[in-house]
>>> print(open('my_file38.cif').read())   # mmCIF, C-alpha atoms
data_run
#
loop_
_atom_site.group_PDB
_atom_site.id
_atom_site.type_symbol
_atom_site.label_atom_id
_atom_site.label_comp_id
_atom_site.auth_asym_id
_atom_site.auth_seq_id
_atom_site.Cartn_x
_atom_site.Cartn_y
_atom_site.Cartn_z
ATOM 1 C CA MET M 293 -5.067 17.555 -19.304
ATOM 2 C CA LYS M 294 -2.385 20.013 -18.263
ATOM 3 C CA ASP M 295 -4.745 21.631 -15.748
ATOM 4 C CA PHE M 296 -5.654 18.192 -14.392
ATOM 5 C CA LEU M 297 -2.019 17.243 -13.824
ATOM 6 C CA THR M 298 -1.126 20.654 -12.396
ATOM 7 C CA TYR M 299 -4.014 20.592 -9.934
ATOM 8 C CA HIS M 300 -3.257 17.132 -8.618
ATOM 9 C CA TRP M 301 0.472 17.761 -8.490
ATOM 10 C CA THR M 302 -0.369 20.786 -6.331
ATOM 11 C CA LEU M 303 -2.418 18.574 -4.001
ATOM 12 C CA MET M 304 0.388 16.057 -3.761
ATOM 13 C CA ARG M 305 2.978 18.765 -3.160
ATOM 14 C CA ALA M 306 0.802 20.345 -0.467
ATOM 15 C CA ASN M 307 0.661 17.014 1.361
ATOM 16 C CA MET M 308 4.429 16.667 1.255
ATOM 17 C CA LEU M 309 5.046 20.272 2.311
ATOM 18 C CA SER M 310 2.714 19.853 5.281
ATOM 19 C CA TYR M 311 5.358 17.648 6.883
ATOM 20 C CA ALA M 312 8.237 20.057 6.240
ATOM 21 C CA PRO M 313 8.081 21.586 9.763
ATOM 22 C CA GLU M 314 8.265 18.081 11.248
ATOM 23 C CA LYS M 315 11.221 16.672 9.349
ATOM 24 C CA LYS M 316 12.679 14.956 12.407
ATOM 25 C CA ARG M 317 9.384 13.272 13.208
ATOM 26 C CA LEU M 318 9.002 12.217 9.580
ATOM 27 C CA PHE M 319 12.507 10.765 9.542
ATOM 28 C CA ILE M 320 11.975 8.871 12.800
ATOM 29 C CA MET M 321 8.633 7.428 11.672
ATOM 30 C CA SER M 322 10.077 6.342 8.330
ATOM 31 C CA PHE M 323 13.177 4.900 9.975
ATOM 32 C CA PHE M 324 11.200 2.756 12.393
ATOM 33 C CA MET M 325 8.959 1.598 9.560
ATOM 34 C CA MET M 326 12.086 0.377 7.779
ATOM 35 C CA ILE M 327 13.290 -1.317 10.975
ATOM 36 C CA GLN M 328 9.960 -3.100 11.292
ATOM 37 C CA ASN M 329 10.219 -4.335 7.717
ATOM 38 C CA ALA M 330 13.850 -5.336 8.216
ATOM 39 C CA MET M 331 12.972 -7.470 11.247
ATOM 40 C CA PHE M 332 10.525 -9.418 9.119
ATOM 41 C CA ILE M 333 12.992 -10.136 6.322
ATOM 42 C CA VAL M 334 15.764 -11.009 8.812
ATOM 43 C CA LEU M 335 13.497 -13.685 10.281
ATOM 44 C CA TRP M 336 13.063 -15.101 6.796
ATOM 45 C CA GLY M 337 16.836 -14.978 6.374
ATOM 46 C CA ILE M 338 17.306 -17.026 9.537
ATOM 47 C CA PHE M 339 14.668 -19.479 8.360
ATOM 48 C CA PHE M 340 16.211 -19.975 4.932
ATOM 49 C CA GLY M 341 19.612 -20.276 6.578
ATOM 50 C CA SER M 342 18.552 -23.704 7.794
ATOM 51 C CA VAL M 343 16.162 -24.595 4.970
ATOM 52 C CA SER M 344 17.444 -23.873 1.487
ATOM 53 C CA GLU M 345 14.013 -23.623 -0.127
ATOM 54 C CA VAL M 346 10.314 -24.230 0.475
ATOM 55 C CA LYS M 347 8.242 -25.451 -2.476
ATOM 56 C CA GLY M 348 10.708 -23.798 -4.827
ATOM 57 C CA TRP M 349 10.760 -20.506 -2.906
ATOM 58 C CA GLN M 350 14.126 -19.196 -1.766
ATOM 59 C CA LEU M 351 15.105 -16.132 0.249
ATOM 60 C CA GLU M 352 15.673 -14.148 -2.951
ATOM 61 C CA ASP M 353 12.092 -14.807 -4.070
ATOM 62 C CA VAL M 354 10.608 -13.801 -0.721
ATOM 63 C CA ALA M 355 12.743 -10.646 -0.613
ATOM 64 C CA ARG M 356 11.664 -9.563 -4.080
ATOM 65 C CA MET M 357 8.007 -10.221 -3.333
ATOM 66 C CA TYR M 358 8.196 -8.458 0.022
ATOM 67 C CA GLY M 359 9.857 -5.456 -1.598
ATOM 68 C CA ILE M 360 7.060 -5.211 -4.158
ATOM 69 C CA VAL M 361 4.407 -5.384 -1.435
ATOM 70 C CA ALA M 362 6.207 -2.849 0.767
ATOM 71 C CA PHE M 363 6.582 -0.387 -2.093
ATOM 72 C CA SER M 364 3.021 -0.741 -3.376
ATOM 73 C CA VAL M 365 1.390 -0.379 0.045
ATOM 74 C CA GLY M 366 3.775 2.417 1.015
ATOM 75 C CA ALA M 367 3.193 4.392 -2.178
ATOM 76 C CA SER M 368 -0.577 3.920 -1.942
ATOM 77 C CA LEU M 369 -0.771 5.213 1.617
ATOM 78 C CA PHE M 370 1.779 7.987 1.173
ATOM 79 C CA PHE M 371 0.196 9.548 -1.899
ATOM 80 C CA PHE M 372 -3.415 8.374 -1.566
ATOM 81 C CA ASN M 373 -4.088 7.848 2.132
ATOM 82 C CA GLY M 374 -7.362 9.727 1.703
ATOM 83 C CA VAL M 375 -8.810 6.439 0.482
ATOM 84 C CA ARG M 376 -9.105 5.296 4.094
ATOM 85 C CA SER M 377 -11.315 8.273 4.937
ATOM 86 C CA ILE M 378 -13.922 7.574 2.243
ATOM 87 C CA ALA M 379 -16.266 5.626 4.521
ATOM 88 C CA TYR M 380 -16.067 8.247 7.259
ATOM 89 C CA ARG M 381 -16.665 11.109 4.823
ATOM 90 C CA ILE M 382 -19.687 9.323 3.378
ATOM 91 C CA ASN M 383 -21.252 8.895 6.803
ATOM 92 C CA ASP M 384 -20.495 12.328 8.246
ATOM 93 C CA GLY M 385 -21.386 14.212 5.061
ATOM 94 C CA THR M 386 -17.988 15.829 4.456
ATOM 95 C CA LEU M 387 -17.833 14.109 1.073
ATOM 96 C CA ASP M 388 -20.241 16.782 -0.167
ATOM 97 C CA GLY M 389 -17.448 19.336 0.061
ATOM 98 C CA PHE M 390 -15.513 17.439 -2.606
ATOM 99 C CA ILE M 391 -18.552 16.984 -4.848
ATOM 100 C CA THR M 392 -19.215 20.728 -5.030
ATOM 101 C CA LYS M 393 -15.708 21.482 -6.312
ATOM 102 C CA PRO M 394 -15.265 21.836 -10.094
ATOM 103 C CA ARG M 395 -12.719 19.031 -10.155
ATOM 104 C CA ALA M 396 -12.740 15.253 -10.345
ATOM 105 C CA VAL M 397 -13.923 14.037 -6.952
ATOM 106 C CA LEU M 398 -12.023 10.773 -6.552
ATOM 107 C CA PRO M 399 -8.429 11.968 -7.183
ATOM 108 C CA ALA M 400 -8.895 14.941 -4.866
ATOM 109 C CA LEU M 401 -10.383 12.690 -2.202
ATOM 110 C CA LEU M 402 -7.583 10.148 -2.470
ATOM 111 C CA MET M 403 -4.916 12.830 -2.171
ATOM 112 C CA SER M 404 -6.620 14.659 0.679
ATOM 113 C CA SER M 405 -4.228 13.102 3.193
ATOM 114 C CA SER M 406 -0.893 11.341 3.341
ATOM 115 C CA LEU M 407 0.783 8.806 5.620
ATOM 116 C CA PRO M 408 4.386 10.036 5.959
ATOM 117 C CA ALA M 409 5.745 6.896 7.626
ATOM 118 C CA SER M 410 5.090 5.079 4.354
ATOM 119 C CA ILE M 411 8.239 6.657 2.947
ATOM 120 C CA GLY M 412 10.032 3.999 4.971
ATOM 121 C CA ASP M 413 8.172 1.276 3.089
ATOM 122 C CA MET M 414 9.063 2.753 -0.293
ATOM 123 C CA ALA M 415 12.715 3.272 0.637
ATOM 124 C CA PHE M 416 12.930 -0.233 2.052
ATOM 125 C CA ALA M 417 11.944 -1.879 -1.241
ATOM 126 C CA PRO M 418 15.122 -1.255 -3.303
ATOM 127 C CA ILE M 419 17.271 -1.958 -0.235
ATOM 128 C CA VAL M 420 15.760 -5.399 0.340
ATOM 129 C CA TRP M 421 15.834 -6.186 -3.386
ATOM 130 C CA ILE M 422 19.552 -5.554 -3.603
ATOM 131 C CA THR M 423 20.570 -6.832 -0.152
ATOM 132 C CA PHE M 424 18.516 -10.029 0.037
ATOM 133 C CA GLY M 425 16.984 -10.343 -3.411
ATOM 134 C CA ASN M 426 20.283 -10.881 -5.214
ATOM 135 C CA LEU M 427 19.212 -8.169 -7.625
ATOM 136 C CA ALA M 428 21.418 -6.082 -9.864
ATOM 137 C CA TRP M 429 20.805 -2.331 -10.034
ATOM 138 C CA GLY M 430 19.749 -2.715 -13.654
ATOM 139 C CA GLU M 431 16.848 -4.938 -12.622
ATOM 140 C CA VAL M 432 15.426 -2.455 -10.115
ATOM 141 C CA PRO M 433 13.404 -0.513 -12.762
ATOM 142 C CA LEU M 434 11.589 -3.721 -13.743
ATOM 143 C CA LEU M 435 10.554 -4.414 -10.164
ATOM 144 C CA LEU M 436 9.539 -0.775 -9.730
ATOM 145 C CA PHE M 437 7.298 -1.141 -12.786
ATOM 146 C CA VAL M 438 5.723 -4.276 -11.302
ATOM 147 C CA SER M 439 5.327 -2.400 -8.021
ATOM 148 C CA LEU M 440 3.462 0.430 -9.754
ATOM 149 C CA ILE M 441 1.037 -2.104 -11.200
ATOM 150 C CA SER M 442 0.613 -3.450 -7.666
ATOM 151 C CA VAL M 443 -0.173 0.078 -6.469
ATOM 152 C CA VAL M 444 -3.034 0.293 -8.964
ATOM 153 C CA ILE M 445 -4.420 -3.097 -7.916
ATOM 154 C CA PHE M 446 -4.109 -2.419 -4.184
ATOM 155 C CA LEU M 447 -5.556 1.082 -4.443
ATOM 156 C CA SER M 448 -8.456 -0.039 -6.637
ATOM 157 C CA MET M 449 -9.423 -2.763 -4.203
ATOM 158 C CA THR M 450 -9.142 -0.372 -1.260
ATOM 159 C CA ILE M 451 -11.432 2.137 -2.992
ATOM 160 C CA ILE M 452 -14.038 -0.590 -3.499
ATOM 161 C CA ILE M 453 -13.808 -1.662 0.142
ATOM 162 C CA PHE M 454 -14.202 1.816 1.628
ATOM 163 C CA SER M 455 -16.920 2.763 -0.863
ATOM 164 C CA ALA M 456 -19.095 0.025 0.634
ATOM 165 C CA ALA M 457 -20.292 2.719 3.045
ATOM 166 C CA PHE M 458 -22.545 4.025 0.248
ATOM 167 C CA TRP M 459 -24.695 0.921 0.725
ATOM 168 C CA LEU M 460 -23.966 0.149 4.384
ATOM 169 C CA LYS M 461 -25.087 3.292 6.146
ATOM 170 C CA GLY M 462 -23.643 3.800 9.588
ATOM 171 C CA GLN M 463 -21.250 0.865 9.208
ATOM 172 C CA THR M 464 -18.038 2.875 8.965
ATOM 173 C CA ARG M 465 -16.016 0.398 10.976
ATOM 174 C CA PHE M 466 -17.053 -2.423 8.650
ATOM 175 C CA SER M 467 -14.910 -1.024 5.828
ATOM 176 C CA GLU M 468 -11.883 -0.868 8.123
ATOM 177 C CA GLN M 469 -12.464 -4.462 9.166
ATOM 178 C CA LEU M 470 -12.810 -5.524 5.539
ATOM 179 C CA PHE M 471 -9.570 -3.713 4.726
ATOM 180 C CA GLU M 472 -7.795 -5.496 7.573
ATOM 181 C CA MET M 473 -9.215 -8.796 6.342
ATOM 182 C CA LEU M 474 -7.697 -8.102 2.917
ATOM 183 C CA ILE M 475 -4.288 -7.572 4.509
ATOM 184 C CA ILE M 476 -4.629 -10.738 6.586
ATOM 185 C CA SER M 477 -5.859 -12.846 3.673
ATOM 186 C CA SER M 478 -2.866 -11.761 1.608
ATOM 187 C CA SER M 479 -0.594 -13.435 4.164
ATOM 188 C CA MET M 480 -2.585 -16.654 4.371
ATOM 189 C CA ILE M 481 -1.007 -19.924 3.334
ATOM 190 C CA LEU M 482 -3.245 -20.863 0.426
ATOM 191 C CA ARG M 483 -1.879 -24.319 -0.178
ATOM 192 C CA GLY M 484 -4.500 -26.825 0.905
ATOM 193 C CA GLN M 485 -7.305 -24.264 1.013
ATOM 194 C CA PRO M 486 -10.584 -25.190 -0.734
ATOM 195 C CA PHE M 487 -10.872 -24.169 -4.377
ATOM 196 C CA GLY M 488 -13.634 -21.683 -3.550
ATOM 197 C CA VAL M 489 -11.425 -19.844 -1.053
ATOM 198 C CA ARG M 490 -8.557 -19.594 -3.512
ATOM 199 C CA LEU M 491 -10.921 -18.449 -6.268
ATOM 200 C CA VAL M 492 -12.232 -15.579 -4.127
ATOM 201 C CA ILE M 493 -8.771 -14.502 -2.961
ATOM 202 C CA PHE M 494 -7.265 -14.536 -6.445
ATOM 203 C CA THR M 495 -10.217 -12.786 -8.134
ATOM 204 C CA ILE M 496 -12.638 -10.837 -5.933
ATOM 205 C CA LEU M 497 -9.923 -10.084 -3.369
ATOM 206 C CA PRO M 498 -6.641 -9.629 -5.267
ATOM 207 C CA ALA M 499 -4.533 -10.840 -2.378
#
>>> encode(input="my_file38.cif", output="structure tokens")
Amino acid sequence: MKDFLTYHWTLMRANMLSYAPEKKRLFIMSFFMMIQNAMFIVLWGIFFGSVSEVKGWQLEDVARMYGIVAFSVGASLFFFNGVRSIAYRINDGTLDGFITKPRAVLPALLMSSSLPASIGDMAFAPIVWITFGNLAWGEVPLLLFVSLISVVIFLSMTIIIFSAAFWLKGQTRFSEQLFEMLIISSSMILRGQPFGVRLVIFTILPA
């Protein structure tokens, strides 16, 4: 177990150190990611400034939910961005290089790359919770715990989507499109949708 943790901590650390020479670029990318997120929540703030609530939802609820989503997606893509290369590695044969190593294939594959701009997503979460979510500092650990559960759910679903290339040979782009559909479906207004649509989204696609 110790060797397992040491090995994967080394992989994670190597990913983070790879961006050390480009600290300015990393900071700029993360900063603009936070700005992008902030623009979204500011629009909600303007909306709720004229409408106190919508179906029981207030600005605080939206801010807390958005923080959870931002953190979970950011953490998934920062630490495990290799998940998005699974389909490509299956089709071009580079997955074999991971299989021949005397280590667990999936963790090494997931941590084979990192998306540095996602630091902005993770940093944005506690800021939006406290600024717009009317959250006390003592409640932040609870939301972080919920966010970690969200990371597991999001990452698991993403692994399933990109592993579809095992059965759909030569359809690398299909996994990307399915991934994008998952993101889009998570932002759909589900009220009024047929029961079958809601059943799929809340079970097969955990959106």
>>> closest_residue(input="my_file38.cif", among="M:Asn383, M:Val354, M:Ser410, M:Val420", to="Met321 in chain M", atoms="all atoms listed in the file")
M:Ser410
>>> atom_distance(input="my_file38.cif", atom1="CA of Ala409 in chain M", atom2="CA of Gly385 in chain M")
28.2 Å
>>> closest_residue(input="my_file38.cif", among="M:Leu434, M:Ala355, M:Ile320, M:Val443", to="Val334 in chain M", atoms="all atoms listed in the file")
M:Ala355
>>> resolve_selection(input="my_file38.cif", expression="the PyMOL selection byres ((chain M and resi 441) around 12)", output="number ranges by chain")
M: 360-361, 363-365, 367-368, 434-440, 442-448
>>> atom_distance(input="my_file38.cif", atom1="CA of Phe370 in chain M", atom2="CA of Leu303 in chain M")
12.5 Å
>>> atom_distance(input="my_file38.cif", atom1="CA of Met357 in chain M", atom2="CA of Pro399 in chain M")
27.9 Å
>>> closest_residue(input="my_file38.cif", among="M:Leu460, M:Pro408, M:Phe471, M:Thr298", to="Phe371 in chain M", atoms="all atoms listed in the file")
M:Pro408
>>> residues_around(input="my_file38.cif", residues="Leu398 in chain M", least_positions_apart="4", cutoff="10 Å", atoms="only C-alpha atoms", output="CSV table (one decimal) with C-alpha atoms, in the frame of the given file")
chain,number,residue,atom,x,y,z
M,374,GLY,CA,-7.4,9.7,1.7
M,375,VAL,CA,-8.8,6.4,0.5
M,378,ILE,CA,-13.9,7.6,2.2
M,390,PHE,CA,-15.5,17.4,-2.6
M,391,ILE,CA,-18.6,17.0,-4.8
M,402,LEU,CA,-7.6,10.1,-2.5
M,403,MET,CA,-4.9,12.8,-2.2
M,404,SER,CA,-6.6,14.7,0.7
M,451,ILE,CA,-11.4,2.1,-3.0
>>> residues_around(input="my_file38.cif", residues="Phe454 in chain M", least_positions_apart="6", cutoff="10 Å", atoms="all atoms listed in the file", output="ChimeraX atom specification")
/M:375-380,382,464-471
>>> write_last_selection(input="my_file38.cif", atoms="C-alpha atoms", output="compact mmCIF listing (two decimals), keeping the file's coordinate frame")
# COMPACT_ATOMS: atom_id res chain seq x y z
CA VAL M 375 -8.81 6.44 0.48
CA ARG M 376 -9.10 5.30 4.09
CA SER M 377 -11.32 8.27 4.94
CA ILE M 378 -13.92 7.57 2.24
CA ALA M 379 -16.27 5.63 4.52
CA TYR M 380 -16.07 8.25 7.26
CA ILE M 382 -19.69 9.32 3.38
CA THR M 464 -18.04 2.88 8.96
CA ARG M 465 -16.02 0.40 10.98
CA PHE M 466 -17.05 -2.42 8.65
CA SER M 467 -14.91 -1.02 5.83
CA GLU M 468 -11.88 -0.87 8.12
CA GLN M 469 -12.46 -4.46 9.17
CA LEU M 470 -12.81 -5.52 5.54
CA PHE M 471 -9.57 -3.71 4.73
>>> axis_aligned_box(input="my_file38.cif", around="range 367-380 of chain M", padding_each_side="8 Å", output="JSON")
{"center_x": -6.5, "center_y": 6.8, "center_z": 2.5, "size_x": 35.5, "size_y": 21.8, "size_z": 25.4}
